[in-house]
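One structure is given below, encoded as structure tokens.
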Amino acid sequence: MAAAPFRTRPGRPYPLGATWDGSGVNFALFSEHATAVELCLFDAANPAREVRRIAVSERSDQIWHVYLPEARPGLLYGYRVHGPYAPADGHRFNPAKVLLDPYAKAVAGGVSWDDALFGYRPGEAETSAQPDPRDSAAFVPKCVVVESAFSWGDDRLLRTPWHKTVIYEVHVKGFTARHPQVPPELRGTYAGLASPPALEHLQRLGVTAVELLPVHHSVAEQHLVDRGLTNYWGYNSIGYLAPDSRFASTGARGEQVAEFKTMVKRLHQAGIEVILDVVYNHTAEGNHDGPTLCFRGIDNAAYYRLETDDLSRYRDYTGCGNTLNLTHPCSLQLLMDSLRYWVLDMHVDGFRFDLASALARELHDVDRLSSFFDVIHQDPVISQVKLIAEPWDLGEGGYQVGNFPPGWAEWNGKYRDTIRRYWKGDWGQVGELAYRLTGSSDLYEQGGRRPSASINFVTAHDGFTLADLVAYTTKRNDANREENRDGSDENFSWNCGAEGPTDDTAVRALRERQQRNVLATLLLSQGVPMLSGGDEIARTQRGNNNAYCQDNDTSWFAWPPMGSAARLLDFTRRLIRLRLDHPVFQRRRFFQGRRIHGSAVKDLSWLRPDGTEMTEEEWSNWHSRCLGLHLAGDAIEEVDDEGLPVRDDTFLILLNAHDEAVPFVLPNHQPRIEWEPCLDTRDWEPVLEGRLFKGGEPYPLEGRTLVVLRQRVKESA
């Protein structure tokens, strides 16, 4: 550090982070309780070597700031923050530890696990009264000053209406990691996701949005690295404004920012929105035993929820060791600044908030009127993008499905559970199923929300893939090296024969049919469908239902889809097209159960297998696993963009979760009615396609099948 010092100026407190203005770089860092802050600069050729240390002497309203007129994009930097090391008082300052900037827009390198990363003396996490003196500079990643200019052209948020949205949840790397048509140097990267083969798959499939597993810069936990594993999913964020350099093909010295923007621009050109799965509920620093990488060393008491009776411990609503303290203005500001950055600078279209209930806790209880909701709703930028909550956390009272306020959509865990129970053959599911198929009005209507508040899913990244759900009755997580104790106990017996792969033709055929049943139910239910990436090509994790640490063939997509996987892809494409072509499957309002616009029938009717309408009394004691759903296309209480009533064909959906066939009598409520089969999950193609069934005639509804029929009115002679 003998090099000549940079010239410095006082700079300004805003914006926070490192901001290049074309002439120099302004650095601004919040710390309420620090006594001194040092800006550390690192050698571009050897990032472990600290070359300069600059005292940040200016402080305005708890913001420490300095301006370096000679600094340029590409500069590597970090901070050392001085203050009391007093865990019992909530403070863990230690200037021996180099810290990441919470507002860094790019991070170069990863964590190299070493004891020097920990702020306490070795073996004294519980009792140490003195900070550990070892320097961590050689073992931490470095922040990068970035050039924010980018040629967006006419790119803008797509703003696809909720009712026309079909979400595809996908991992940036896993999607293209072994795609033979993607150039090897682009596989598993942002550029790979935006490559022509990847875009072609998404466009032909018909999805309208990708929901990306976390792309904020993250850290692989030490216990995983020690076992030769990594945090593949990335739910361990440390940089809320920095795209993870793991997925960059062009470089990690700021190039990842432009590569991410290019990905978004190309997805938008393909008509596909970008939704980010964001993890603001906790950080990668873990509990009191964890490393000092960023927030803990900058201002522990401000950034984290601490136990009121023991400030050396963290309140953990997430199961990850800590909870971000969104009751503190600086943490709440960080969250909002991050969200605005990803919308305004990176052009993303929305967010899915991991363990969102943890964000809404004011004191202890989940609070619908918390400052988190207030600041989101009043923000003119964030309130206008897609907002999706994972409406639970691990704390008491954390399961909040149906309880988020207007403006929010939710992962509907009740939808997932009900559809699974129904198709595996559980009794007594029909009443619950009816709510889930029609948008879950029992959860969302009373609060003034619409069917689009329900993000419908049956499988997701967390749990079995669809192919595995119908093939395994128990998890197979041994590769995670936790003796198969991790992961949820999805103990569902789908009666599909022997567990795991099989050459038995009948077993294989039933599993394929069950996949079609789930996909058809998902894509024809009211609400917003979310398809777990790879389910359309029967992706398997070989029974692993917690593949968070499997950055390998367990998690990566298998290309190209062959045989039944290719047929399933074509089946899914046709389903999505059927949904998007017909307003009756994408209603913006809940059904009224009455005649609308002079229609001859109610907008929604539930039918028994004998063709008669179910009564209110029958719902409470209905023991069949077979029912029909009549959707009147001329009774949609909605108008189009020109103010004209929305009209569509009338459809009939028949569901049979029995093992045996049921002859289902088709409705005959009008003269000359005929019914045309357009989907039957008994096989890949509608077996009876082209045949017309008269009203009052029984349809041969096979066991474990879903059928869709379109109403036709026979021309008079």
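In the structure tokens, each chain is lettered A, B, ... as it comes, each chain's residues begin at 1, and ligands are numbered from 1 in order of appearance.
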Shell around region 384-388 of chain A at 7 Å using only C-alpha atoms, local window under 2 positions removed, as a JSON list (two decimals) with all heavy atoms, in the first residue's frame:
[["chain", "number", "residue", "atom", "x", "y", "z"],
["A", 349, "ASP", "N", -39.50, -7.32, -15.19],
["A", 349, "ASP", "CA", -40.94, -7.08, -15.22],
["A", 349, "ASP", "C", -41.65, -7.39, -13.92],
["A", 349, "ASP", "O", -42.85, -7.12, -13.80],
["A", 349, "ASP", "CB", -41.55, -7.92, -16.33],
["A", 349, "ASP", "CG", -40.96, -7.61, -17.69],
["A", 349, "ASP", "OD1", -41.47, -6.72, -18.37],
["A", 349, "ASP", "OD2", -39.96, -8.27, -18.07],
["A", 350, "GLY", "N", -40.95, -7.98, -12.95],
["A", 350, "GLY", "CA", -41.61, -8.31, -11.71],
["A", 350, "GLY", "C", -40.73, -9.14, -10.81],
["A", 350, "GLY", "O", -39.58, -9.48, -11.15],
["A", 351, "PHE", "N", -41.29, -9.50, -9.64],
["A", 351, "PHE", "CA", -40.52, -10.18, -8.61],
["A", 351, "PHE", "C", -41.38, -11.23, -7.92],
["A", 351, "PHE", "O", -42.58, -11.05, -7.71],
["A", 351, "PHE", "CB", -40.02, -9.19, -7.55],
["A", 351, "PHE", "CG", -39.23, -8.05, -8.13],
["A", 351, "PHE", "CD1", -39.85, -6.85, -8.44],
["A", 351, "PHE", "CD2", -37.87, -8.18, -8.35],
["A", 351, "PHE", "CE1", -39.12, -5.80, -8.97],
["A", 351, "PHE", "CE2", -37.14, -7.14, -8.89],
["A", 351, "PHE", "CZ", -37.77, -5.94, -9.21],
["A", 352, "ARG", "N", -40.74, -12.33, -7.55],
["A", 352, "ARG", "CA", -41.32, -13.32, -6.66],
["A", 352, "ARG", "C", -40.52, -13.28, -5.37],
["A", 352, "ARG", "O", -39.30, -13.49, -5.38],
["A", 352, "ARG", "CB", -41.28, -14.71, -7.31],
["A", 352, "ARG", "CG", -41.84, -15.85, -6.44],
["A", 352, "ARG", "CD", -40.74, -16.53, -5.67],
["A", 352, "ARG", "NE", -41.19, -17.75, -5.00],
["A", 352, "ARG", "CZ", -40.45, -18.44, -4.13],
["A", 352, "ARG", "NH1", -39.22, -18.04, -3.83],
["A", 352, "ARG", "NH2", -40.92, -19.52, -3.57],
["A", 353, "PHE", "N", -41.16, -12.97, -4.25],
["A", 353, "PHE", "CA", -40.48, -12.74, -2.98],
["A", 353, "PHE", "C", -40.43, -14.04, -2.18],
["A", 353, "PHE", "O", -41.45, -14.55, -1.72],
["A", 353, "PHE", "CB", -41.18, -11.65, -2.18],
["A", 353, "PHE", "CG", -41.07, -10.28, -2.80],
["A", 353, "PHE", "CD1", -41.90, -9.91, -3.86],
["A", 353, "PHE", "CD2", -40.14, -9.36, -2.34],
["A", 353, "PHE", "CE1", -41.80, -8.66, -4.43],
["A", 353, "PHE", "CE2", -40.04, -8.10, -2.91],
["A", 353, "PHE", "CZ", -40.87, -7.75, -3.96],
["A", 380, "PRO", "N", -44.32, 4.51, -7.00],
["A", 380, "PRO", "CA", -44.89, 4.59, -8.35],
["A", 380, "PRO", "C", -44.25, 3.63, -9.34],
["A", 380, "PRO", "O", -44.83, 3.38, -10.40],
["A", 380, "PRO", "CB", -44.61, 6.05, -8.75],
["A", 380, "PRO", "CG", -43.43, 6.46, -7.92],
["A", 380, "PRO", "CD", -43.57, 5.73, -6.62],
["A", 381, "VAL", "N", -43.08, 3.09, -9.02],
["A", 381, "VAL", "CA", -42.42, 2.13, -9.91],
["A", 381, "VAL", "C", -42.77, 0.70, -9.53],
["A", 381, "VAL", "O", -43.30, -0.07, -10.33],
["A", 381, "VAL", "CB", -40.89, 2.33, -9.88],
["A", 381, "VAL", "CG1", -40.19, 1.24, -10.69],
["A", 381, "VAL", "CG2", -40.52, 3.70, -10.41],
["A", 382, "ILE", "N", -42.50, 0.34, -8.28],
["A", 382, "ILE", "CA", -42.65, -1.05, -7.86],
["A", 382, "ILE", "C", -44.10, -1.49, -7.82],
["A", 382, "ILE", "O", -44.43, -2.64, -8.13],
["A", 382, "ILE", "CB", -41.98, -1.28, -6.48],
["A", 382, "ILE", "CG1", -40.54, -0.77, -6.51],
["A", 382, "ILE", "CG2", -42.01, -2.75, -6.11],
["A", 382, "ILE", "CD1", -39.71, -1.31, -7.64],
["A", 390, "GLU", "N", -44.24, -15.62, -1.96],
["A", 390, "GLU", "CA", -44.28, -16.96, -1.38],
["A", 390, "GLU", "C", -44.85, -16.73, 0.02],
["A", 390, "GLU", "O", -44.13, -16.27, 0.92],
["A", 390, "GLU", "CB", -42.91, -17.59, -1.31],
["A", 390, "GLU", "CG", -42.95, -19.00, -0.75],
["A", 390, "GLU", "CD", -41.57, -19.64, -0.60],
["A", 390, "GLU", "OE1", -40.60, -18.90, -0.31],
["A", 390, "GLU", "OE2", -41.46, -20.86, -0.76],
["A", 408, "TRP", "N", -51.01, -7.87, -4.83],
["A", 408, "TRP", "CA", -50.10, -9.01, -4.74],
["A", 408, "TRP", "C", -50.75, -10.27, -5.31],
["A", 408, "TRP", "O", -51.93, -10.52, -5.09],
["A", 408, "TRP", "CB", -49.73, -9.29, -3.27],
["A", 408, "TRP", "CG", -48.75, -8.30, -2.73],
["A", 408, "TRP", "CD1", -49.03, -7.07, -2.22],
["A", 408, "TRP", "CD2", -47.34, -8.46, -2.62],
["A", 408, "TRP", "NE1", -47.88, -6.44, -1.82],
["A", 408, "TRP", "CE2", -46.82, -7.29, -2.04],
["A", 408, "TRP", "CE3", -46.46, -9.50, -2.96],
["A", 408, "TRP", "CZ2", -45.46, -7.10, -1.80],
["A", 408, "TRP", "CZ3", -45.10, -9.33, -2.72],
["A", 408, "TRP", "CH2", -44.62, -8.14, -2.14],
["A", 409, "ALA", "N", -49.95, -11.06, -6.01],
["A", 409, "ALA", "CA", -50.32, -12.45, -6.32],
["A", 409, "ALA", "C", -49.55, -13.34, -5.35],
["A", 409, "ALA", "O", -48.56, -12.92, -4.74],
["A", 409, "ALA", "CB", -49.97, -12.79, -7.76],
["A", 410, "GLU", "N", -50.01, -14.58, -5.20],
["A", 410, "GLU", "CA", -49.39, -15.50, -4.24],
["A", 410, "GLU", "C", -49.19, -16.87, -4.85],
["A", 410, "GLU", "O", -50.06, -17.36, -5.58],
["A", 410, "GLU", "CB", -50.28, -15.67, -2.99],
["A", 410, "GLU", "CG", -50.60, -14.42, -2.24],
["A", 410, "GLU", "CD", -51.60, -14.70, -1.11],
["A", 410, "GLU", "OE1", -51.81, -15.88, -0.78],
["A", 410, "GLU", "OE2", -52.17, -13.73, -0.57]]
* Just the residues within 9 Å of Arg156 (chain A), please, counting only C-alpha atoms, with nothing from its chain fewer than 6 positions along; format it as a PyMOL selection string. => chain A and resi 265+268+347
Please produce an output containing N, CA and C atoms for each residue in the selection, written as an mmCIF file, in the first residue's frame.
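Written file, part.cif:
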data_model
loop_
_atom_site.group_PDB
_atom_site.id
_atom_site.type_symbol
_atom_site.label_atom_id
_atom_site.label_comp_id
_atom_site.auth_asym_id
_atom_site.auth_seq_id
_atom_site.Cartn_x
_atom_site.Cartn_y
_atom_site.Cartn_z
ATOM 1 N N LYS A 265 -33.261 -7.870 -22.765
ATOM 2 C CA LYS A 265 -33.682 -7.240 -24.021
ATOM 3 C C LYS A 265 -34.104 -8.283 -25.046
ATOM 4 N N HIS A 268 -37.417 -9.899 -24.052
ATOM 5 C CA HIS A 268 -38.501 -8.975 -24.358
ATOM 6 C C HIS A 268 -38.821 -8.982 -25.851
ATOM 7 N N HIS A 347 -34.574 -3.450 -16.328
ATOM 8 C CA HIS A 347 -35.796 -3.673 -17.110
ATOM 9 C C HIS A 347 -36.515 -4.986 -16.794
#
* Asked: What lies within 9 Å of region 34-45 of chain A using only C-alpha atoms, ignoring chain neighbours under 4 positions off, as a PyMOL selection string?
  -> chain A and resi 27+29+49-57+62+64+66+74-84+93+95+98+142+298-299
* Neighbours of Trp411 (chain A) within 8 Å (only C-alpha atoms; same-chain residues fewer than 2 positions away dropped), as an MDAnalysis selection string? -> chainID A and resid 388:391 401 409 413 454:457
Could those residues be written to a file, using N, CA, C and O atoms, as an mmCIF file, in the first residue's frame?
data_model
loop_
_atom_site.group_PDB
_atom_site.id
_atom_site.type_symbol
_atom_site.label_atom_id
_atom_site.label_comp_id
_atom_site.auth_asym_id
_atom_site.auth_seq_id
_atom_site.Cartn_x
_atom_site.Cartn_y
_atom_site.Cartn_z
ATOM 1 N N ILE A 388 -45.220 -11.083 -6.661
ATOM 2 C CA ILE A 388 -45.652 -12.430 -6.284
ATOM 3 C C ILE A 388 -45.032 -12.777 -4.941
ATOM 4 O O ILE A 388 -43.819 -12.639 -4.751
ATOM 5 N N ALA A 389 -45.846 -13.230 -4.008
ATOM 6 C CA ALA A 389 -45.363 -13.611 -2.684
ATOM 7 C C ALA A 389 -45.319 -15.124 -2.555
ATOM 8 O O ALA A 389 -46.241 -15.815 -2.991
ATOM 9 N N GLU A 390 -44.237 -15.625 -1.963
ATOM 10 C CA GLU A 390 -44.283 -16.958 -1.380
ATOM 11 C C GLU A 390 -44.850 -16.729 0.017
ATOM 12 O O GLU A 390 -44.133 -16.270 0.915
ATOM 13 N N PRO A 391 -46.143 -16.989 0.233
ATOM 14 C CA PRO A 391 -46.839 -16.451 1.405
ATOM 15 C C PRO A 391 -46.672 -17.283 2.662
ATOM 16 O O PRO A 391 -47.646 -17.618 3.342
ATOM 17 N N VAL A 401 -51.226 -17.920 3.180
ATOM 18 C CA VAL A 401 -51.871 -18.049 1.877
ATOM 19 C C VAL A 401 -53.250 -17.393 1.923
ATOM 20 O O VAL A 401 -54.064 -17.694 2.792
ATOM 21 N N ALA A 409 -49.954 -11.064 -6.006
ATOM 22 C CA ALA A 409 -50.318 -12.447 -6.318
ATOM 23 C C ALA A 409 -49.552 -13.343 -5.352
ATOM 24 O O ALA A 409 -48.561 -12.922 -4.743
ATOM 25 N N GLY A 413 -50.232 -22.438 -2.304
ATOM 26 C CA GLY A 413 -49.874 -23.749 -1.786
ATOM 27 C C GLY A 413 -51.069 -24.659 -1.637
ATOM 28 O O GLY A 413 -50.942 -25.890 -1.735
ATOM 29 N N SER A 454 -54.036 -15.776 -7.640
ATOM 30 C CA SER A 454 -53.632 -17.159 -7.407
ATOM 31 C C SER A 454 -52.607 -17.591 -8.441
ATOM 32 O O SER A 454 -52.925 -17.748 -9.624
ATOM 33 N N ILE A 455 -51.356 -17.759 -8.009
ATOM 34 C CA ILE A 455 -50.349 -18.374 -8.868
ATOM 35 C C ILE A 455 -50.464 -19.876 -8.653
ATOM 36 O O ILE A 455 -50.080 -20.407 -7.610
ATOM 37 N N ASN A 456 -51.021 -20.545 -9.628
ATOM 38 C CA ASN A 456 -51.281 -21.977 -9.522
ATOM 39 C C ASN A 456 -50.033 -22.766 -9.907
ATOM 40 O O ASN A 456 -49.415 -22.491 -10.933
ATOM 41 N N PHE A 457 -49.694 -23.745 -9.086
ATOM 42 C CA PHE A 457 -48.573 -24.620 -9.406
ATOM 43 C C PHE A 457 -48.792 -25.951 -8.712
ATOM 44 O O PHE A 457 -49.484 -26.037 -7.704
#
* Asked: Which of region 75-302 of chain A counts as alpha helix (DSSP H) under DSSP, as an MDAnalysis selection string please?
  -> chainID A and resid 172:176 190:193 196:205 222:226 255:269 295:302
* Asked: Mind checking DSSP for region 388-570 of chain A and telling me the strand (DSSP E or B) residues as a PyMOL selection string?
  -> chain A and resi 388-389+409-411+438+454-456+526+528-532
* To do: Compile the contact shell of Val458 (chain A) as a list in words: residues with an atom at most 9 Å away, counting only C-alpha atoms, same-chain residues fewer than 4 positions apart removed.
  =>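 Listing them by chain and then by number gives Gly413, Tyr415, Arg416, Asp417, Thr418, Ile419, Arg420, Leu466, Val518, Leu519, Leu522, Met530, Leu531 and Ser532 of chain A.
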Export of the given selection (N, CA, C and O atoms) as a tab-separated table (two decimals), in the first residue's frame:
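Output file part.tsv follows:
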chain	number	residue	atom	x	y	z
A	413	GLY	N	-50.23	-22.44	-2.30
A	413	GLY	CA	-49.87	-23.75	-1.79
A	413	GLY	C	-51.07	-24.66	-1.64
A	413	GLY	O	-50.94	-25.89	-1.74
A	415	TYR	N	-53.59	-24.76	-3.71
A	415	TYR	CA	-53.82	-25.31	-5.05
A	415	TYR	C	-52.92	-26.52	-5.26
A	415	TYR	O	-53.39	-27.59	-5.67
A	416	ARG	N	-51.64	-26.38	-5.01
A	416	ARG	CA	-50.70	-27.49	-5.18
A	416	ARG	C	-51.16	-28.73	-4.42
A	416	ARG	O	-51.22	-29.83	-4.99
A	417	ASP	N	-51.49	-28.55	-3.15
A	417	ASP	CA	-51.84	-29.70	-2.31
A	417	ASP	C	-53.13	-30.37	-2.78
A	417	ASP	O	-53.24	-31.60	-2.78
A	418	THR	N	-54.11	-29.56	-3.16
A	418	THR	CA	-55.40	-30.12	-3.58
A	418	THR	C	-55.27	-30.90	-4.88
A	418	THR	O	-55.81	-32.01	-5.00
A	419	ILE	N	-54.59	-30.35	-5.86
A	419	ILE	CA	-54.47	-31.04	-7.15
A	419	ILE	C	-53.70	-32.35	-6.98
A	419	ILE	O	-54.05	-33.38	-7.57
A	420	ARG	N	-52.68	-32.34	-6.14
A	420	ARG	CA	-51.94	-33.58	-5.88
A	420	ARG	C	-52.84	-34.63	-5.23
A	420	ARG	O	-52.85	-35.80	-5.63
A	466	LEU	N	-42.26	-33.06	-11.84
A	466	LEU	CA	-43.52	-33.74	-12.13
A	466	LEU	C	-43.28	-35.21	-12.48
A	466	LEU	O	-44.01	-36.10	-12.02
A	518	VAL	N	-52.03	-33.69	-14.63
A	518	VAL	CA	-51.60	-32.54	-13.83
A	518	VAL	C	-51.42	-31.32	-14.70
A	518	VAL	O	-51.86	-30.21	-14.36
A	519	LEU	N	-50.76	-31.48	-15.84
A	519	LEU	CA	-50.51	-30.34	-16.72
A	519	LEU	C	-51.82	-29.77	-17.26
A	519	LEU	O	-51.99	-28.54	-17.33
A	522	LEU	N	-53.55	-27.87	-14.44
A	522	LEU	CA	-52.84	-26.62	-14.16
A	522	LEU	C	-53.15	-25.56	-15.21
A	522	LEU	O	-53.46	-24.40	-14.87
A	530	MET	N	-48.19	-21.55	-13.26
A	530	MET	CA	-46.73	-21.54	-13.24
A	530	MET	C	-46.24	-22.96	-13.52
A	530	MET	O	-46.50	-23.88	-12.75
A	531	LEU	N	-45.54	-23.10	-14.61
A	531	LEU	CA	-44.97	-24.38	-15.01
A	531	LEU	C	-43.55	-24.47	-14.50
A	531	LEU	O	-42.75	-23.57	-14.73
A	532	SER	N	-43.23	-25.54	-13.80
A	532	SER	CA	-41.86	-25.74	-13.35
A	532	SER	C	-41.01	-26.17	-14.53
A	532	SER	O	-41.31	-27.16	-15.21
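The list of residues with at least one atom within 7 Å of region 235-241 of chain A, based on only C-alpha atoms and without residues fewer than 6 positions apart in the same chain, reads Pro102, Tyr103, Ala104, Lys105, Pro214, His216, His217, Ser218, Val219, Val279, Thr283, Ala284 and Ser338 of chain A.
The gap separating CA of Leu666 (chain A) from CA of Lys694 (chain A) is 7.5 Å, in Å to one decimal.
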* **Which residue of A:Phe693, A:Phe651, A:Trp113, A:Phe585 approaches Asp226 (chain A) most closely, using only C-alpha atoms** =>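 Answer, going by the shortest atom-to-atom distance: A:Trp113.
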* Near Tyr317 (chain A), counting only C-alpha atoms, which residues have an atom at most 10 Å away, once you skip same-chain residues fewer than 6 positions from it, shown as a ChimeraX atom specification? -> /A:281-282,305,323-324,355,357-359,361,364,392-396,398
For those residues, write C-alpha atoms to a file as a short mmCIF file (atom, residue, chain, number, x, y, z; two decimals), in the first residue's frame.
data_model
loop_
_atom_site.label_atom_id
_atom_site.label_comp_id
_atom_site.auth_asym_id
_atom_site.auth_seq_id
_atom_site.Cartn_x
_atom_site.Cartn_y
_atom_site.Cartn_z
CA ASN A 281 -35.70 -12.28 3.97
CA HIS A 282 -32.16 -13.29 5.00
CA ARG A 305 -33.48 -8.76 13.51
CA THR A 323 -33.74 -12.33 9.18
CA LEU A 324 -33.21 -8.97 7.48
CA LEU A 355 -40.52 -16.43 2.24
CA SER A 357 -44.14 -13.49 5.29
CA ALA A 358 -40.80 -12.81 6.95
CA LEU A 359 -40.70 -9.42 5.21
CA ARG A 361 -43.30 -9.04 10.31
CA HIS A 364 -43.37 -10.70 15.67
CA TRP A 392 -45.16 -18.31 4.23
CA ASP A 393 -42.02 -18.45 6.35
CA LEU A 394 -40.85 -20.77 9.11
CA GLY A 395 -41.96 -18.64 12.05
CA GLU A 396 -45.12 -18.93 14.13
CA GLY A 398 -46.06 -17.64 8.97
#
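Between CA of Arg608 (chain A) and CA of Val528 (chain A) the interatomic distance comes to 26.9 Å.
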